[in-house]
Structures are given as structure tokens and as C-alpha cells.
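Just structure_16.csv here, CSV, C-alpha atoms:
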chain,number,residue,atom,x,y,z
A,1,MET,CA,29.6,38.8,-3.2
A,2,PRO,CA,30.9,36.8,-6.3
A,3,ILE,CA,33.0,39.6,-7.8
A,4,GLN,CA,36.3,38.9,-9.6
A,5,THR,CA,39.4,41.2,-9.5
A,6,ILE,CA,39.9,42.9,-12.8
A,7,ARG,CA,43.3,43.7,-14.4
A,8,ALA,CA,43.1,44.7,-18.0
A,9,GLN,CA,42.5,47.5,-20.5
A,10,ARG,CA,39.2,49.4,-20.8
A,11,LEU,CA,38.3,48.5,-17.3
A,12,TYR,CA,34.9,50.2,-17.3
A,13,ARG,CA,33.6,47.8,-20.1
A,14,GLN,CA,34.6,44.8,-18.1
A,15,ILE,CA,33.3,46.2,-14.9
A,16,ALA,CA,30.0,47.0,-16.5
A,17,ASP,CA,29.7,43.6,-18.2
A,18,GLN,CA,30.5,41.8,-14.9
A,19,LEU,CA,27.8,43.9,-13.0
A,20,LEU,CA,25.4,43.2,-15.9
A,21,VAL,CA,26.0,39.4,-15.5
A,22,LEU,CA,25.4,39.7,-11.7
A,23,ILE,CA,22.2,41.6,-12.3
A,24,ARG,CA,21.0,38.9,-14.8
A,25,GLN,CA,21.8,36.2,-12.3
A,26,GLY,CA,19.7,37.8,-9.6
A,27,GLU,CA,22.5,39.0,-7.4
A,28,PHE,CA,21.1,42.5,-7.7
A,29,PRO,CA,17.3,42.2,-8.5
A,30,PRO,CA,15.3,45.1,-10.0
A,31,GLY,CA,14.4,47.6,-7.4
A,32,THR,CA,17.5,47.1,-5.3
A,33,LEU,CA,20.6,49.3,-5.1
A,34,LEU,CA,24.0,48.4,-6.2
A,35,PRO,CA,26.8,48.6,-3.6
A,36,PRO,CA,28.4,52.0,-3.2
A,37,GLU,CA,31.1,53.0,-5.6
A,38,ARG,CA,33.8,52.8,-2.9
A,39,ASP,CA,32.8,49.3,-2.1
A,40,LEU,CA,32.7,48.2,-5.7
A,41,ALA,CA,36.1,49.7,-6.4
A,42,GLN,CA,37.6,47.9,-3.4
A,43,GLN,CA,36.1,44.5,-4.3
A,44,LEU,CA,37.0,44.8,-8.0
A,45,GLY,CA,40.5,46.2,-7.3
A,46,VAL,CA,40.1,49.2,-9.6
A,47,SER,CA,39.7,53.0,-9.2
A,48,ARG,CA,36.4,54.7,-8.3
A,49,ALA,CA,36.7,56.5,-11.7
A,50,SER,CA,36.5,53.2,-13.6
A,51,VAL,CA,33.6,52.1,-11.5
A,52,ARG,CA,31.8,55.4,-12.1
A,53,GLU,CA,32.3,55.1,-15.8
A,54,ALA,CA,30.9,51.5,-15.7
A,55,LEU,CA,27.8,52.7,-13.8
A,56,ILE,CA,27.2,55.5,-16.3
A,57,ALA,CA,27.6,52.9,-19.2
A,58,LEU,CA,24.9,50.7,-17.5
A,59,GLU,CA,22.6,53.7,-17.2
A,60,VAL,CA,23.1,54.7,-20.8
A,61,VAL,CA,21.8,51.3,-21.9
A,62,GLY,CA,18.9,51.5,-19.4
A,63,GLN,CA,19.9,48.8,-16.9
A,64,VAL,CA,20.3,51.1,-13.9
A,65,GLU,CA,19.4,54.6,-12.8
A,66,VAL,CA,22.2,56.7,-11.1
A,67,ARG,CA,20.7,58.8,-8.3
A,68,VAL,CA,23.4,61.1,-7.0
A,69,GLY,CA,23.4,61.0,-3.2
A,70,HIS,CA,20.9,58.1,-3.1
A,71,GLY,CA,22.7,55.2,-4.9
A,72,VAL,CA,22.4,53.3,-8.1
A,73,LEU,CA,19.0,51.6,-8.7
A,74,VAL,CA,18.7,48.4,-10.7
A,75,LEU,CA,15.9,48.6,-13.3
A,76,GLU,CA,13.9,45.9,-14.9
A,77,ARG,CA,15.7,43.8,-17.5
A,78,ASP,CA,15.8,45.2,-21.0
A,79,GLU,CA,16.1,42.2,-23.4
A,80,GLU,CA,17.8,44.4,-26.0
A,81,VAL,CA,20.8,45.0,-23.8
A,82,GLY,CA,21.9,41.3,-24.1
A,83,SER,CA,25.1,40.4,-22.3
A,84,SER,CA,27.4,43.2,-23.4
A,85,VAL,CA,27.0,46.8,-22.4
A,86,MET,CA,29.2,48.2,-25.2
A,87,SER,CA,27.3,46.3,-27.9
A,88,ALA,CA,24.0,47.6,-26.6
A,89,ALA,CA,25.5,51.2,-26.4
A,90,ARG,CA,26.6,50.9,-30.0
A,91,ARG,CA,23.1,49.9,-31.2
A,92,GLN,CA,21.7,53.0,-29.5
A,93,GLU,CA,24.1,55.7,-30.7
A,94,GLU,CA,27.4,55.8,-32.4
A,95,TRP,CA,30.2,58.0,-31.1
A,96,GLY,CA,30.8,60.2,-34.1
A,97,LEU,CA,32.0,63.7,-35.1
A,98,ASP,CA,29.7,66.4,-33.8
A,99,PRO,CA,27.8,67.9,-36.7
A,100,GLU,CA,28.5,71.3,-35.1
A,101,PHE,CA,32.1,70.8,-36.1
A,102,ALA,CA,31.7,69.0,-39.4
A,103,SER,CA,32.7,72.2,-41.4
A,104,GLU,CA,35.2,73.4,-38.8
A,105,ILE,CA,37.5,70.4,-38.3
A,106,GLU,CA,39.9,69.2,-41.0
A,107,LEU,CA,40.4,65.6,-40.2
A,108,ASP,CA,42.5,63.4,-42.5
A,109,LEU,CA,43.7,60.4,-40.6
A,110,ASP,CA,45.9,59.2,-43.5
A,111,GLN,CA,47.8,62.4,-43.9
A,112,GLU,CA,51.5,62.1,-43.0
A,113,ILE,CA,52.4,64.0,-39.8
A,114,PRO,CA,55.7,65.9,-40.1
A,115,PRO,CA,58.4,63.9,-38.3
A,116,PHE,CA,59.3,66.5,-35.7
A,117,SER,CA,55.6,67.0,-34.7
A,118,LEU,CA,55.2,63.2,-34.5
A,119,LEU,CA,58.2,62.7,-32.3
A,120,GLN,CA,57.5,65.8,-30.2
A,121,ALA,CA,54.0,64.5,-29.4
A,122,ARG,CA,55.4,61.1,-28.6
A,123,ARG,CA,58.0,62.7,-26.3
A,124,TYR,CA,55.2,64.1,-24.1
A,125,LEU,CA,52.7,61.2,-24.3
A,126,GLU,CA,54.8,58.1,-24.1
A,127,PRO,CA,56.6,58.6,-20.8
A,128,GLU,CA,53.2,58.7,-19.1
A,129,THR,CA,52.0,55.6,-21.0
A,130,ALA,CA,55.1,53.8,-19.8
A,131,ALA,CA,54.5,54.8,-16.2
A,132,LEU,CA,50.9,53.7,-16.4
A,133,ALA,CA,51.9,50.4,-17.9
A,134,ALA,CA,54.2,49.8,-15.0
A,135,VAL,CA,51.2,50.1,-12.7
A,136,ASN,CA,48.5,48.5,-14.8
A,137,ALA,CA,50.1,45.9,-17.1
A,138,SER,CA,48.7,42.4,-16.7
A,139,ASP,CA,50.7,39.2,-17.3
A,140,ASP,CA,49.2,39.1,-20.8
A,141,ASP,CA,50.2,42.7,-21.5
A,142,LEU,CA,53.8,41.9,-20.4
A,143,ALA,CA,53.9,38.9,-22.6
A,144,ALA,CA,52.7,41.0,-25.6
A,145,MET,CA,55.3,43.6,-24.9
A,146,ARG,CA,58.1,40.9,-24.8
A,147,ALA,CA,56.8,39.4,-28.0
A,148,ALA,CA,56.9,42.8,-29.7
A,149,TYR,CA,60.5,43.4,-28.3
A,150,ALA,CA,61.5,40.0,-29.8
A,151,ARG,CA,60.2,41.2,-33.2
A,152,ASN,CA,62.2,44.4,-32.7
A,153,VAL,CA,65.4,42.4,-32.1
A,154,GLU,CA,64.6,40.2,-35.1
A,155,ASP,CA,64.0,43.3,-37.3
A,156,ASN,CA,67.4,44.7,-36.3
A,157,ARG,CA,69.1,41.5,-37.0
A,158,HIS,CA,67.9,41.5,-40.6
A,159,GLY,CA,68.5,45.3,-41.1
A,160,GLY,CA,64.8,46.1,-41.4
A,161,ARG,CA,64.2,49.9,-41.6
A,162,ASN,CA,60.4,49.8,-41.4
A,163,GLN,CA,60.9,49.1,-37.7
A,164,ALA,CA,57.6,47.4,-37.3
A,165,GLY,CA,58.7,45.6,-34.1
A,166,ASP,CA,59.9,48.9,-32.6
A,167,ARG,CA,56.6,50.6,-33.3
A,168,LEU,CA,54.6,47.6,-32.2
A,169,LEU,CA,56.4,47.6,-28.8
A,170,HIS,CA,55.4,51.3,-28.2
A,171,ILE,CA,51.8,50.4,-29.2
A,172,ARG,CA,51.7,47.5,-26.7
A,173,ILE,CA,53.0,49.7,-23.9
A,174,ALA,CA,50.3,52.2,-24.6
A,175,GLU,CA,47.7,49.4,-24.6
A,176,ALA,CA,49.0,48.2,-21.3
A,177,SER,CA,48.6,51.7,-19.8
A,178,GLY,CA,44.9,51.0,-19.3
A,179,ASN,CA,44.0,54.4,-20.8
A,180,ALA,CA,42.0,54.0,-23.9
A,181,ALA,CA,42.7,57.6,-25.1
A,182,TYR,CA,46.5,57.1,-24.9
A,183,ALA,CA,46.2,53.8,-26.6
A,184,MET,CA,44.1,55.1,-29.5
A,185,THR,CA,46.4,58.1,-30.0
A,186,ILE,CA,49.6,56.0,-30.1
A,187,LYS,CA,48.0,53.5,-32.4
A,188,HIS,CA,47.1,56.2,-34.8
A,189,LEU,CA,50.6,57.8,-34.6
A,190,LEU,CA,52.5,54.5,-35.0
A,191,GLY,CA,50.1,52.2,-36.8
A,192,HIS,CA,50.9,53.8,-40.1
A,193,GLN,CA,54.0,52.9,-42.1
A,194,TYR,CA,56.6,55.6,-41.9
A,195,GLY,CA,55.8,58.2,-44.6
A,196,LYS,CA,58.2,59.7,-47.2
A,197,MET,CA,59.3,62.5,-45.0
A,198,PHE,CA,60.2,60.2,-42.1
A,199,ARG,CA,62.0,57.7,-44.4
A,200,ARG,CA,64.1,60.4,-46.0
A,201,LEU,CA,65.0,61.7,-42.5
A,202,GLN,CA,66.2,58.2,-41.6
A,203,GLU,CA,68.3,58.0,-44.8
A,204,LEU,CA,70.0,61.3,-44.1
A,205,PHE,CA,70.5,61.5,-40.4
A,206,MET,CA,69.9,58.1,-38.7
A,207,GLU,CA,73.1,56.8,-37.1
A,208,THR,CA,74.2,53.4,-38.1
A,209,ASP,CA,74.0,52.1,-34.6
A,210,MET,CA,70.7,53.8,-33.7
A,211,PRO,CA,68.5,50.7,-34.1
A,212,ARG,CA,70.8,48.9,-31.6
A,213,GLN,CA,70.8,51.8,-29.2
A,214,SER,CA,67.0,52.0,-29.4
A,215,GLN,CA,66.8,48.3,-28.7
A,216,ASP,CA,68.9,48.8,-25.6
A,217,ASP,CA,66.6,51.7,-24.6
A,218,HIS,CA,63.6,49.4,-25.1
A,219,GLU,CA,65.1,46.7,-22.8
A,220,ARG,CA,65.5,49.2,-20.0
A,221,ILE,CA,61.9,50.5,-20.5
A,222,LEU,CA,60.6,46.9,-20.4
A,223,THR,CA,62.6,46.0,-17.3
A,224,ALA,CA,61.2,49.0,-15.5
A,225,ILE,CA,57.6,48.1,-16.5
A,226,GLU,CA,58.1,44.5,-15.5
A,227,SER,CA,59.4,45.7,-12.2
A,228,HIS,CA,56.2,47.7,-11.8
A,229,ASP,CA,58.3,50.9,-11.2
A,230,PRO,CA,56.4,53.8,-12.8
A,231,ASP,CA,59.1,56.4,-12.1
A,232,ALA,CA,61.8,54.3,-13.7
A,233,ALA,CA,59.6,53.5,-16.7
A,234,ARG,CA,58.8,57.1,-17.2
A,235,ARG,CA,62.4,58.1,-17.0
A,236,ALA,CA,63.6,55.3,-19.3
A,237,MET,CA,61.0,56.4,-21.9
A,238,GLU,CA,62.0,60.0,-21.6
A,239,VAL,CA,65.7,59.1,-22.2
A,240,HIS,CA,64.7,57.0,-25.2
A,241,MET,CA,62.6,59.7,-26.9
A,242,ASP,CA,65.2,62.4,-26.1
A,243,HIS,CA,67.8,60.1,-27.8
A,244,VAL,CA,65.6,59.8,-31.0
A,245,LEU,CA,64.9,63.5,-31.1
A,246,ARG,CA,68.6,64.3,-30.7
A,247,VAL,CA,69.7,62.0,-33.5
A,248,PHE,CA,67.2,63.4,-36.0
A,249,PHE,CA,67.1,67.1,-35.1
A,250,ASP,CA,70.1,68.1,-33.0
A,251,ALA,CA,72.8,66.3,-35.1
Same coordinates, now as C-alpha cells:
Amino acid sequence: MPIQTIRAQRLYRQIADQLLVLIRQGEFPPGTLLPPERDLAQQLGVSRASVREALIALEVVGQVEVRVGHGVLVLERDEEVGSSVMSAARRQEEWGLDPEFASEIELDLDQEIPPFSLLQARRYLEPETAALAAVNASDDDLAAMRAAYARNVEDNRHGGRNQAGDRLLHIRIAEASGNAAYAMTIKHLLGHQYGKMFRRLQELFMETDMPRQSQDDHERILTAIESHDPDAARRAMEVHMDHVLRVFFDA
């Protein structure tokens, strides 16, 4: 079967689009069954969870019918689906806030998160993103992380306190994790410029050599990820985040 191994973010989208192409090319004609999840996962080099998500995405846009215990039936072609499962899904229904919670959830994505809350959340999230990146990062992901690290080094060389390269590196690691929820969360937490509270905290408590120490931490994290060692990557990120918390809140 002409199936290509997949190594990238948002795997289910790429799996779904690849299966869609094969269906369009007649590899799996309408009325036939797709290979079992286990076989697809093995041939694609991904988890069964990613395959299952892809099959559900194909069903959502009307290209297949998932019959639990009986297989996945290919349906007649729907011209509106086109060549991208996600574009077709977006045309059908947006993923928006549940109206049931519209008056219950206060959601201001531009409101500054207090520094300790921000760092505490990162302390629990980012060791796992680093571990997953060590397992899932592609060559392109590794190159993107190295480029962000180079920006981090350049920022430190010129005394930059916005730490854009630092934050970008953490975002690239989250993207390389292969988990879209982790990536979206870290992008939200770090994609904003540091707010007034965080900047004042830096002015008062940041050690003069902290940027250099963080840079050294980043090098160790990257080395572990590039070595595809999830335990070492997790531990290196834990040490780094503990260092940052200690400087700002245990001094």
C-alpha cells in the first residue's frame, strides 16, 4: 500500500489528508473497508490514537462511516470535501465556545496572568512537552528549536530583556511535542509580551547572570531532545523551571 511514514505535528490532520488522497485515487473505492486501525498505525508509524482521530475526522466530513466492530466503510465522494479534511470540517462547523457557558466563563485572552501563576503552570506543563519533543521532534522541529536558541543567544549578547528568543524556544519545543493542546497553551502563555507585573518582577529580583544561566539550561534541554532522551529532557526542563521560580520567588 502506498502509505508514507508521518513525523510531524497535528498528526491526525496529515493522516486524514493522506487517507483522503488514497481514497480519491481509488486505492480504497467507495463500498470497501479501510485497513484496521492497528495496521494503519503500523504502516504510518504513528499511534492508534492518532489514526482513530483521523478516521473520526474523515467521518465528520462524510467521507467514511465508522462502524465499531465492523470496520471503517468508505462512502461515495463528496465534492465539497475537496483535498483537505480540516478545511471541509471548518466549513461545516466552527469549534467555538459552548453557548451553555457563554455567561459562565470569563475569558479575556489578553489579560495579564500574574507571574507566579504563569511560571507555576509552565513548571507542570513544560517538562512533559520537552519529553514529548524528545520522542516526536522531526528534523525540521529540531532546526526550528536551534534557530530559536540562536535568537536567545543573540538577545543575551545585546542585553535584551524582552527575551523573545527565550520564549520562542519554549514555544518551538511545545510545537515539537506533537500535542496540539500543549502547543496552543504554551503559545498563549508565552506569545504575549511580558506584562507590567512580570517586567517589574524582573527589575527587582532577576539576577544579573540569570539570562546566561537560562541559556545554559536551554542548551542542556536541547541536547536531551536532540538525543531523543525523554527522561533527560523532562529533567532538564524541570531543573530550568525550578531555577526560574527560585530566582523570582525564593530569593
Find, counting only C-alpha atoms, the residue in A:Ile186, A:Leu204, A:Ile23, A:Ile173 that gets nearest to A:Ile221. A:Ile173
Box for stretch 194-212 of chain A: with edges along x, y and z, all listed atoms inside and 5 Å added on each side, what are the centre and edge lengths in Å to one decimal, as JSON?
{"center_x": 65.0, "center_y": 55.7, "center_z": -39.4, "size_x": 28.4, "size_y": 23.6, "size_z": 25.6}
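Reported to one decimal place, the separation of atom CA of A:Arg151 from atom CA of A:Glu238 is 22.2 Å.
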From the options A:Ser117, A:Gln43, A:Asn136, A:Gln14, which residue's atoms come nearest to A:Glu226, counting all atoms listed in the file? A:Asn136
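Here atom CA of A:Glu112 and atom CA of A:Phe249 stand 18.2 Å from one another.
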Taking 3 positions as the minimum chain separation for residues in the same chain, which residues sit within 7 Å of A:Ile15 when counting only C-alpha atoms? Answer as a list in words. Leu11, Tyr12, Gln18, Leu19, Val51 and Ala54 of chain A
I need the residues from that last selection saved to file as a tab-separated table (two decimals), in the coordinates of the input (with C-alpha atoms), if you can.
chain	number	residue	atom	x	y	z
A	11	LEU	CA	38.30	48.50	-17.30
A	12	TYR	CA	34.90	50.20	-17.30
A	18	GLN	CA	30.50	41.80	-14.90
A	19	LEU	CA	27.80	43.90	-13.00
A	51	VAL	CA	33.60	52.10	-11.50
A	54	ALA	CA	30.90	51.50	-15.70
I want to know what sits within 10 Å of A:Arg212, based on only C-alpha atoms, with residues of the same chain fewer than 3 positions away left out; could you give that as a VMD selection string? chain A and resid 152 to 153 156 to 157 207 to 209 215 to 218
Restrict the selected residues to C-alpha atoms and save them as a PDB file, keeping the file's coordinate frame.
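Result file follows (again36.pdb):
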ATOM      1  CA  ASN A 152      62.200  44.400 -32.700  1.00  0.00           C
ATOM      2  CA  VAL A 153      65.400  42.400 -32.100  1.00  0.00           C
ATOM      3  CA  ASN A 156      67.400  44.700 -36.300  1.00  0.00           C
ATOM      4  CA  ARG A 157      69.100  41.500 -37.000  1.00  0.00           C
ATOM      5  CA  GLU A 207      73.100  56.800 -37.100  1.00  0.00           C
ATOM      6  CA  THR A 208      74.200  53.400 -38.100  1.00  0.00           C
ATOM      7  CA  ASP A 209      74.000  52.100 -34.600  1.00  0.00           C
ATOM      8  CA  GLN A 215      66.800  48.300 -28.700  1.00  0.00           C
ATOM      9  CA  ASP A 216      68.900  48.800 -25.600  1.00  0.00           C
ATOM     10  CA  ASP A 217      66.600  51.700 -24.600  1.00  0.00           C
ATOM     11  CA  HIS A 218      63.600  49.400 -25.100  1.00  0.00           C
TER      12      HIS A 218
END
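Ranking A:Val61, A:Ala224, A:Ala183, A:Leu107 by their shortest atom-to-atom distance to A:Asp17, with all atoms listed in the file included, puts A:Val61 first.
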Separation of atom CA of A:Met197 from atom CA of A:Glu219 in Å: 27.9 Å
Give as a ChimeraX atom specification the set of residues within 10 Å of the point (61.5, 47.6, -18.6), where distances use the file's coordinates and only C-alpha atoms. /A:130,134,142,145-146,217-230,232-234,236-237
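The smallest atom-to-atom distance between A:Val72 and any of A:Glu128, A:Asp98, A:Asp166, A:Glu37, using all atoms listed in the file, is found for A:Glu37.
Closest to A:Ser214 among A:Val244, A:Leu201, A:Leu189, A:Val60 is A:Val244, based on all atoms listed in the file.
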